[in-house]
$ cat entry-v6.tsv   # TSV, C-alpha atoms (C1' of nucleotides)
chain	number	residue	atom	x	y	z
U	11	MET	CA	70.04	115.56	102.35
U	12	ALA	CA	68.85	116.94	105.65
U	13	ALA	CA	72.15	118.78	105.87
U	14	TRP	CA	71.41	120.63	102.66
U	15	LEU	CA	67.96	121.70	103.76
U	16	GLY	CA	69.28	122.75	107.12
U	17	PHE	CA	72.02	124.66	105.43
U	18	LEU	CA	69.54	126.43	103.19
U	19	GLU	CA	67.20	127.41	105.96
U	20	ALA	CA	69.91	128.48	108.36
U	21	THR	CA	71.59	130.45	105.62
U	22	SER	CA	68.59	132.45	104.59
U	23	ARG	CA	67.19	133.02	108.04
U	24	VAL	CA	70.44	134.04	109.64
U	25	SER	CA	71.34	136.23	106.73
U	26	ARG	CA	67.97	137.89	106.83
U	27	HIS	CA	68.13	138.32	110.57
U	28	VAL	CA	71.54	139.94	110.53
U	29	GLU	CA	70.69	142.16	107.61
U	30	HIS	CA	67.65	143.44	109.41
U	31	GLN	CA	69.32	144.01	112.72
U	32	LEU	CA	72.06	145.95	111.02
U	33	LYS	CA	69.76	148.05	108.91
U	34	ASP	CA	67.50	148.95	111.82
U	35	ASP	CA	70.37	149.58	114.17
U	36	ALA	CA	72.75	151.55	112.02
U	37	GLY	CA	71.20	152.00	108.61
U	38	LEU	CA	73.86	149.82	107.05
U	39	SER	CA	73.49	146.80	104.83
U	40	HIS	CA	75.58	143.80	105.72
U	41	ALA	CA	77.72	144.36	102.65
U	42	GLN	CA	78.42	147.92	103.73
U	43	TYR	CA	79.21	146.82	107.24
U	44	GLU	CA	81.73	144.31	105.97
U	45	ILE	CA	83.38	146.95	103.85
U	46	LEU	CA	83.76	149.22	106.85
U	47	VAL	CA	85.22	146.37	108.87
U	48	LYS	CA	87.82	145.60	106.24
U	49	LEU	CA	88.77	149.25	106.07
U	50	ALA	CA	88.94	149.63	109.82
U	51	THR	CA	91.26	146.68	110.22
U	52	ALA	CA	93.57	147.94	107.49
U	53	PRO	CA	96.78	149.80	108.38
U	54	GLU	CA	95.74	153.32	107.40
U	55	GLY	CA	92.06	152.69	107.05
U	56	GLU	CA	92.57	152.54	103.33
U	57	VAL	CA	92.34	149.57	101.00
U	58	ARG	CA	92.37	149.20	97.26
U	59	MET	CA	89.15	148.28	95.58
U	60	THR	CA	90.58	145.06	94.23
U	61	ASP	CA	91.76	143.96	97.64
U	62	LEU	CA	88.37	144.77	99.05
U	63	ALA	CA	86.58	142.76	96.43
U	64	HIS	CA	89.00	139.95	97.08
U	65	GLY	CA	88.25	139.85	100.78
U	66	LEU	CA	84.51	140.23	100.39
U	67	PHE	CA	82.10	137.97	98.61
U	68	THR	CA	80.71	140.31	96.03
U	69	SER	CA	81.38	141.18	92.44
U	70	LYS	CA	83.48	144.12	91.35
U	71	SER	CA	80.51	146.11	90.19
U	72	GLY	CA	78.67	145.38	93.40
U	73	LEU	CA	81.58	146.76	95.34
U	74	THR	CA	81.68	149.89	93.21
U	75	TYR	CA	78.03	150.43	93.97
U	76	GLN	CA	78.30	149.92	97.70
U	77	VAL	CA	81.36	152.07	98.06
U	78	GLY	CA	79.45	154.70	96.14
U	79	GLN	CA	76.64	154.49	98.67
U	80	LEU	CA	79.05	154.73	101.57
U	81	GLU	CA	80.70	157.70	99.94
U	82	LYS	CA	77.36	159.47	99.61
U	83	ARG	CA	76.87	159.11	103.34
U	84	GLY	CA	80.36	160.39	104.02
U	85	LEU	CA	81.55	157.20	105.67
U	86	VAL	CA	84.17	156.49	103.04
U	87	GLU	CA	86.24	158.54	100.66
U	88	ARG	CA	87.75	157.64	97.35
U	89	ARG	CA	91.36	158.56	96.75
U	90	SER	CA	93.53	157.67	93.82
U	91	CYS	CA	96.38	155.32	94.45
U	92	PRO	CA	99.79	157.05	94.35
U	93	PHE	CA	101.55	154.01	92.94
U	94	ASP	CA	99.03	153.03	90.34
U	95	ASP	CA	97.03	155.59	88.42
U	96	ARG	CA	94.23	153.21	87.65
U	97	GLY	CA	93.94	152.10	91.25
U	98	VAL	CA	91.43	153.57	93.69
U	99	LEU	CA	91.77	153.58	97.44
U	100	ALA	CA	88.72	153.44	99.65
U	101	VAL	CA	89.51	155.42	102.78
U	102	LEU	CA	87.56	155.26	106.01
U	103	THR	CA	86.54	158.71	107.25
U	104	THR	CA	86.32	159.62	110.90
U	105	GLU	CA	82.58	159.55	110.62
U	106	GLY	CA	82.80	156.14	109.05
U	107	ARG	CA	84.89	154.85	111.91
U	108	ASP	CA	82.42	156.24	114.41
U	109	THR	CA	79.51	154.69	112.61
U	110	LEU	CA	81.21	151.34	112.59
U	111	ARG	CA	82.09	151.61	116.26
U	112	ALA	CA	78.46	152.34	117.01
U	113	ALA	CA	77.17	149.50	114.89
U	114	ALA	CA	79.60	146.79	115.90
U	115	PRO	CA	78.20	145.76	119.29
U	116	GLY	CA	74.70	145.27	117.96
U	117	HIS	CA	75.98	143.26	115.05
U	118	VAL	CA	78.14	141.03	117.18
U	119	GLU	CA	75.25	140.49	119.53
U	120	ALA	CA	72.97	139.57	116.67
U	121	VAL	CA	75.43	137.05	115.29
U	122	ARG	CA	76.05	135.61	118.68
U	123	SER	CA	72.43	135.16	119.58
U	124	ALA	CA	71.46	133.82	116.18
U	125	LEU	CA	74.33	131.46	115.55
U	126	ILE	CA	76.96	131.11	118.24
U	127	ASP	CA	74.82	130.75	121.31
U	128	VAL	CA	72.67	128.11	119.67
U	129	LEU	CA	75.61	125.74	119.39
U	130	ASP	CA	77.71	124.11	122.03
U	131	ARG	CA	81.47	124.32	121.95
U	132	GLU	CA	81.98	121.10	120.04
U	133	GLU	CA	79.39	121.88	117.40
U	134	LEU	CA	80.87	125.32	116.96
U	135	ASP	CA	84.26	123.76	116.41
U	136	VAL	CA	83.05	121.27	113.87
U	137	VAL	CA	80.91	123.79	112.03
U	138	ALA	CA	83.74	126.27	111.81
U	139	ARG	CA	86.18	123.68	110.51
U	140	ALA	CA	83.72	122.03	108.16
U	141	LEU	CA	82.29	125.19	106.64
U	142	GLY	CA	85.74	126.68	106.42
U	143	ARG	CA	86.75	123.77	104.25
U	144	VAL	CA	83.60	124.03	102.18
U	145	GLY	CA	84.19	127.71	101.50
U	146	ALA	CA	87.86	127.24	100.72
U	147	ARG	CA	87.05	124.42	98.34
U	148	LEU	CA	85.02	126.73	96.15
U	149	ARG	CA	87.46	129.58	96.16
U	150	PRO	CA	88.27	130.71	92.60
U	151	ALA	CA	91.35	129.09	91.10
U	152	ASP	CA	93.44	130.18	94.00
U	153	HIS	CA	96.97	128.85	93.98
U	154	SER	CA	96.76	128.37	97.72
U	155	ALA	CA	95.76	124.83	98.46
U	156	GLY	CA	93.48	122.03	97.52
U	157	PRO	CA	92.98	119.93	94.42
U	158	ALA	CA	91.33	120.97	91.21
U	159	PRO	CA	88.46	123.40	91.65
U	160	HIS	CA	86.23	121.23	89.52
U	161	ALA	CA	86.36	117.66	90.67
U	162	PRO	CA	84.68	115.72	87.88
U	163	ALA	CA	84.61	112.75	90.18
U	164	PRO	CA	84.93	110.38	87.24
U	165	GLY	CA	85.02	107.22	89.24
U	166	SER	CA	81.63	107.77	90.83
T	22	MET	CA	84.35	134.24	115.41
T	23	ALA	CA	85.97	131.95	112.91
T	24	ALA	CA	82.70	130.11	112.70
T	25	TRP	CA	80.94	133.24	111.56
T	26	LEU	CA	83.46	134.00	108.85
T	27	GLY	CA	83.42	130.42	107.70
T	28	PHE	CA	79.67	130.49	107.66
T	29	LEU	CA	79.67	133.66	105.59
T	30	GLU	CA	82.15	132.41	103.04
T	31	ALA	CA	80.62	128.97	102.72
T	32	THR	CA	77.20	130.51	102.44
T	33	SER	CA	77.98	132.88	99.62
T	34	ARG	CA	80.24	130.56	97.68
T	35	VAL	CA	78.00	127.54	97.83
T	36	SER	CA	74.96	129.60	97.05
T	37	ARG	CA	76.69	131.16	94.08
T	38	HIS	CA	78.00	127.83	92.90
T	39	VAL	CA	74.62	126.13	92.99
T	40	GLU	CA	72.87	129.06	91.42
T	41	HIS	CA	75.28	128.99	88.53
T	42	GLN	CA	75.18	125.29	87.98
T	43	LEU	CA	71.42	125.35	87.92
T	44	LYS	CA	71.14	128.30	85.59
T	45	ASP	CA	73.65	126.88	83.13
T	46	ASP	CA	72.22	123.42	83.29
T	47	ALA	CA	68.51	124.06	83.17
T	48	GLY	CA	67.95	127.81	82.93
T	49	LEU	CA	66.40	127.86	86.38
T	50	SER	CA	67.22	130.01	89.34
T	51	HIS	CA	67.57	128.24	92.63
T	52	ALA	CA	64.35	129.83	93.85
T	53	GLN	CA	62.50	128.50	90.84
T	54	TYR	CA	63.98	125.06	91.28
T	55	GLU	CA	62.84	124.94	94.86
T	56	ILE	CA	59.34	125.91	93.83
T	57	LEU	CA	59.23	123.10	91.33
T	58	VAL	CA	60.46	120.65	93.94
T	59	LYS	CA	57.76	121.64	96.38
T	60	LEU	CA	55.15	121.26	93.71
T	61	ALA	CA	56.47	117.91	92.56
T	62	THR	CA	56.42	116.46	96.04
T	63	ALA	CA	52.87	117.65	96.67
T	64	PRO	CA	49.93	115.25	96.26
T	65	GLU	CA	48.52	116.56	93.00
T	66	GLY	CA	51.41	118.72	91.96
T	67	GLU	CA	49.47	121.69	93.22
T	68	VAL	CA	50.10	123.87	96.21
T	69	ARG	CA	48.62	127.09	97.44
T	70	MET	CA	50.75	130.18	97.21
T	71	THR	CA	50.68	130.71	100.93
T	72	ASP	CA	51.87	127.19	101.62
T	73	LEU	CA	54.60	127.62	99.08
T	74	ALA	CA	55.78	130.85	100.63
T	75	HIS	CA	55.69	129.13	103.98
T	76	GLY	CA	57.91	126.30	102.88
T	77	LEU	CA	60.33	128.47	100.98
T	78	PHE	CA	62.47	131.25	102.26
T	79	THR	CA	61.19	134.14	100.28
T	80	SER	CA	58.66	136.90	100.68
T	81	LYS	CA	55.15	136.74	99.30
T	82	SER	CA	55.90	139.20	96.54
T	83	GLY	CA	59.05	137.35	95.64
T	84	LEU	CA	57.05	134.19	95.25
T	85	THR	CA	54.48	135.94	93.08
T	86	TYR	CA	57.27	137.10	90.84
T	87	GLN	CA	58.96	133.74	90.50
T	88	VAL	CA	55.75	131.85	89.90
T	89	GLY	CA	55.01	134.43	87.24
T	90	GLN	CA	58.32	133.65	85.59
T	91	LEU	CA	57.68	129.93	85.74
T	92	GLU	CA	54.23	130.46	84.30
T	93	LYS	CA	55.71	132.40	81.38
T	94	ARG	CA	57.87	129.42	80.58
T	95	GLY	CA	54.92	127.06	80.85
T	96	LEU	CA	56.36	125.08	83.76
T	97	VAL	CA	53.63	126.06	86.14
T	98	GLU	CA	50.00	127.07	85.85
T	99	ARG	CA	47.87	129.18	88.08
T	100	ARG	CA	44.47	127.88	89.00
T	101	SER	CA	42.00	129.35	91.41
T	102	CYS	CA	41.34	127.41	94.56
T	103	PRO	CA	37.91	125.75	94.59
T	104	PHE	CA	37.47	126.17	98.31
T	105	ASP	CA	38.65	129.71	98.62
T	106	ASP	CA	38.06	132.25	95.90
T	107	ARG	CA	40.96	134.43	96.94
T	108	GLY	CA	43.34	131.48	96.98
T	109	VAL	CA	45.58	130.59	94.07
T	110	LEU	CA	46.96	127.17	93.34
T	111	ALA	CA	50.27	126.79	91.60
T	112	VAL	CA	50.07	123.64	89.50
T	113	LEU	CA	53.01	121.83	88.00
T	114	THR	CA	52.58	121.20	84.29
T	115	THR	CA	53.88	118.13	82.53
T	116	GLU	CA	56.57	120.24	81.00
T	117	GLY	CA	57.44	121.54	84.42
T	118	ARG	CA	57.78	118.05	85.77
T	119	ASP	CA	60.00	117.08	82.87
T	120	THR	CA	62.16	120.13	83.33
T	121	LEU	CA	62.57	119.34	86.99
T	122	ARG	CA	63.39	115.73	86.27
T	123	ALA	CA	66.04	116.86	83.84
T	124	ALA	CA	67.52	119.41	86.22
T	125	ALA	CA	67.53	117.36	89.39
T	126	PRO	CA	70.56	115.11	88.82
T	127	GLY	CA	72.83	118.03	88.01
T	128	HIS	CA	71.64	119.94	91.01
T	129	VAL	CA	72.07	117.04	93.37
T	130	GLU	CA	75.52	116.46	91.99
T	131	ALA	CA	76.43	120.10	92.47
T	132	VAL	CA	75.24	120.09	96.06
T	133	ARG	CA	76.99	116.86	96.75
T	134	SER	CA	80.31	117.91	95.33
T	135	ALA	CA	80.20	121.34	96.89
T	136	LEU	CA	78.99	120.49	100.33
T	137	ILE	CA	78.35	116.87	101.15
T	138	ASP	CA	81.48	115.25	99.78
T	139	VAL	CA	83.68	117.77	101.52
T	140	LEU	CA	82.55	116.58	104.92
T	141	ASP	CA	82.94	113.24	106.60
T	142	ARG	CA	79.97	111.46	108.05
T	143	GLU	CA	80.36	112.85	111.54
T	144	GLU	CA	80.77	116.42	110.38
T	145	LEU	CA	77.76	116.06	108.17
T	146	ASP	CA	75.76	114.85	111.12
T	147	VAL	CA	76.80	117.65	113.38
T	148	VAL	CA	76.36	120.32	110.72
T	149	ALA	CA	72.88	119.08	109.86
T	150	ARG	CA	71.79	119.01	113.46
T	151	ALA	CA	73.43	122.29	114.40
T	152	LEU	CA	72.26	124.29	111.41
T	153	GLY	CA	68.85	122.75	111.66
T	154	ARG	CA	68.58	124.13	115.15
T	155	VAL	CA	69.90	127.51	114.06
T	156	GLY	CA	67.32	127.76	111.30
T	157	ALA	CA	64.48	126.59	113.49
T	158	ARG	CA	65.44	129.06	116.17
T	159	LEU	CA	64.83	131.98	113.82
T	160	ARG	CA	61.61	130.66	112.43
T	161	PRO	CA	58.78	133.17	112.81
T	162	ALA	CA	56.49	132.30	115.73
T	163	ASP	CA	56.11	128.72	114.68
T	164	HIS	CA	54.08	126.49	116.97
T	165	SER	CA	55.25	123.25	115.39
T	166	ALA	CA	57.76	120.78	116.80
T	167	GLY	CA	58.59	122.64	119.95
T	168	PRO	CA	62.15	123.82	119.39
T	169	ALA	CA	61.71	126.05	122.38
T	170	PRO	CA	63.05	123.98	125.25
T	171	HIS	CA	64.94	127.06	126.23
T	172	ALA	CA	62.95	130.15	126.95
T	173	PRO	CA	63.45	132.46	123.97
T	174	ALA	CA	63.62	135.47	126.26
T	175	PRO	CA	65.49	137.58	123.71
T	176	GLY	CA	64.87	140.63	125.81
T	177	SER	CA	67.81	142.11	127.69
P	16	DT	C1'	109.13	154.12	71.05
P	17	DA	C1'	105.19	151.19	69.87
P	18	DC	C1'	102.81	147.13	70.82
P	19	DC	C1'	100.23	143.58	73.46
P	20	DG	C1'	98.34	140.95	76.93
P	21	DG	C1'	96.56	141.52	81.49
P	22	DT	C1'	94.74	144.48	85.38
P	23	DT	C1'	91.68	148.07	87.43
P	24	DG	C1'	87.60	150.21	88.19
P	25	DT	C1'	83.33	151.94	86.22
P	26	DT	C1'	79.12	152.00	83.44
P	27	DC	C1'	75.24	149.73	81.56
P	28	DA	C1'	70.93	147.04	81.09
P	29	DA	C1'	68.46	143.31	82.96
P	30	DA	C1'	66.92	140.49	86.69
P	31	DT	C1'	65.69	139.93	91.23
P	32	DT	C1'	64.38	141.14	95.95
P	33	DC	C1'	61.95	143.47	99.56
P	34	DG	C1'	58.29	145.82	102.16
P	35	DA	C1'	54.29	148.59	102.10
P	36	DA	C1'	50.01	149.65	100.09
P	37	DC	C1'	46.09	147.73	98.10
P	38	DC	C1'	41.94	144.92	96.66
P	39	DT	C1'	39.19	140.88	97.05
P	40	DC	C1'	37.29	137.55	99.74
P	41	DC	C1'	36.46	134.71	104.06
P	42	DT	C1'	34.94	134.51	108.95
P	43	DT	C1'	33.00	135.95	112.97
P	44	DG	C1'	29.89	138.48	115.96
P	45	DT	C1'	25.62	140.86	116.35
J	28	DA	C1'	21.94	140.48	106.61
J	29	DC	C1'	25.81	143.50	107.78
J	30	DA	C1'	29.97	145.54	109.63
J	31	DA	C1'	34.63	144.64	111.51
J	32	DG	C1'	38.80	142.26	111.27
J	33	DG	C1'	41.87	139.30	109.11
J	34	DA	C1'	43.90	136.40	105.43
J	35	DG	C1'	45.52	135.66	100.50
J	36	DG	C1'	47.83	137.58	96.45
J	37	DT	C1'	49.17	141.08	93.60
J	38	DT	C1'	51.02	145.55	92.38
J	39	DC	C1'	54.06	149.23	93.04
J	40	DG	C1'	58.46	151.76	93.65
J	41	DA	C1'	63.01	151.61	95.39
J	42	DA	C1'	67.24	149.24	96.28
J	43	DT	C1'	70.52	145.88	95.15
J	44	DT	C1'	73.07	142.36	92.39
J	45	DT	C1'	75.24	140.43	88.44
J	46	DG	C1'	77.93	139.77	84.16
J	47	DA	C1'	79.40	141.81	80.06
J	48	DA	C1'	81.29	145.63	77.75
J	49	DC	C1'	84.31	149.47	78.17
J	50	DA	C1'	88.29	152.90	78.79
J	51	DA	C1'	92.41	153.82	80.98
J	52	DC	C1'	96.69	152.08	82.61
J	53	DC	C1'	100.73	148.88	83.88
J	54	DG	C1'	104.48	145.81	82.58
J	55	DG	C1'	107.44	143.64	79.58
J	56	DT	C1'	109.26	142.99	74.78
J	57	DA	C1'	111.02	143.86	70.26
$ encode --input "entry-v6.tsv" --output "structure tokens"
Amino acid sequence: MAAWLGFLEATSRVSRHVEHQLKDDAGLSHAQYEILVKLATAPEGEVRMTDLAHGLFTSKSGLTYQVGQLEKRGLVERRSCPFDDRGVLAVLTTEGRDTLRAAAPGHVEAVRSALIDVLDREELDVVARALGRVGARLRPADHSAGPAPHAPAPGS
Amino acid sequence: MAAWLGFLEATSRVSRHVEHQLKDDAGLSHAQYEILVKLATAPEGEVRMTDLAHGLFTSKSGLTYQVGQLEKRGLVERRSCPFDDRGVLAVLTTEGRDTLRAAAPGHVEAVRSALIDVLDREELDVVARALGRVGARLRPADHSAGPAPHAPAPGS
DNA sequence: TACCGGTTGTTCAAATTCGAACCTCCTTGT
DNA sequence: ACAAGGAGGTTCGAATTTGAACAACCGGTA
């Protein structure tokens, strides 16, 4: 079970580290940063709330809250979706793009020094593949791949 | 950066999964469960708050809160430390030990099915070693098992 | 058209987390 | 003995998260 303990410690320390770095550097929480990234990599800098929530690892209400915070700071704007009256688009403002551009290098550096640089190439490979599988395995009833979400493992 | 994304997704999904399983199964949060485990593995079922906070990955105030919750449910008792009047011992009650005993199998199963069983032996090995190093690297000025073969030199 | 199940995003209360301020007590130096 | 400095825990306010409940809206169907 050493893997589990290691996982727990690495998880909380890295997460804490990154969160701090980001907050001190750019006044953004990690959640907010991730939202900005998703918006920035989208075609027009605009993404529907649902798609955002899908790509991130937070609840719908959590997303509403964070987008609200970003909107207060003028980094994001809400616009109603032309095709779907109940839909809401989150749109990256110019200021938001600038903020992200300013924050990105520090964040990348933090991740690199905390996680990437500590591993050698092979470990990085294995960790990426292994954790990728672990994450995918727990993805909500997604019709993509993999067996039943709940594996009762009857045989035991 | 695939490793980072994988890490993020695995982290949040596994954490969520375990948290849920534990809450549904035994009405405990993961933080509370970990506290009980630390207490149960201690000599007399009693540990000082500081030592608890040291072994867990939470802040002092967070620990105070969670121990308070556990105390409300009668799973833990507070006792003053005989050697140090400002110290507080968290003591596992019989009921607490029973609760833990009842919760443990489900938790272990959840961890196993979510993380362990998804990896083969070699991956498990590498992940444990790699993440162990990652976690240790971010440990606050810890003078224990010298994980500082490389000069930290975070400057620059 | 009216209905009905399913989707979208928000609002709500409750729980949890964090850091800073704070008080009590120990330890050391004089 | 006494003051200074530090350690141990708690308290406080603010921020964040979550799931459930909710209102509006889409799509298809009779």
$ interface_residues --input "entry-v6.tsv" --of "chain T" --to "chain P" --cutoff "12 Å" --atoms "all atoms listed in the file" --output "PyMOL selection string"
chain T and resi 50-53+78-87+90+104-108
$ interface_residues --input "entry-v6.tsv" --of "chain J" --to "chain U" --cutoff "10 Å" --atoms "only C-alpha atoms (C1' of nucleotides)" --output "PyMOL selection string"
chain J and resi 43-46+51-53
$ atom_distance --input "entry-v6.tsv" --atom1 "atom CA of T:Met22" --atom2 "atom CA of U:Gly116"
14.9 Å
$ interface_residues --input "entry-v6.tsv" --of "chain U" --to "chain T" --cutoff "7 Å" --atoms "only C-alpha atoms" --output "list in words"
Ala12, Ala13, Gly16, Phe17, Glu19, Ala20, Thr21, Ser22, Arg23, Phe67, Ala124, Leu125, Val128, Leu129, Glu133, Leu134, Val136, Val137, Ala138, Ala140, Leu141, Gly142, Val144, Gly145 and Leu148 of chain U
$ calpha_fit_rmsd --input "entry-v6.tsv" --fixed "chain U" --moving "chain T"
2.1 Å
$ atom_distance --input "entry-v6.tsv" --atom1 "atom CA of T:Leu113" --atom2 "atom CA of T:His41"
23.4 Å
$ atom_distance --input "entry-v6.tsv" --atom1 "atom CA of T:Ala124" --atom2 "atom CA of T:Glu98"
19.1 Å
$ residues_near_point --input "entry-v6.tsv" --point "(61.5, 125.1, 80.9)" --cutoff "7 Å" --atoms "all atoms listed in the file" --output "list of chain:residue names"
T:Arg94, T:Gly95, T:Leu96, T:Glu116, T:Gly117, T:Thr120
$ closest_residue --input "entry-v6.tsv" --among "U:Arg107, U:Arg89, U:Arg131, U:Lys82" --to "U:Val57" --atoms "only C-alpha atoms"
U:Arg89
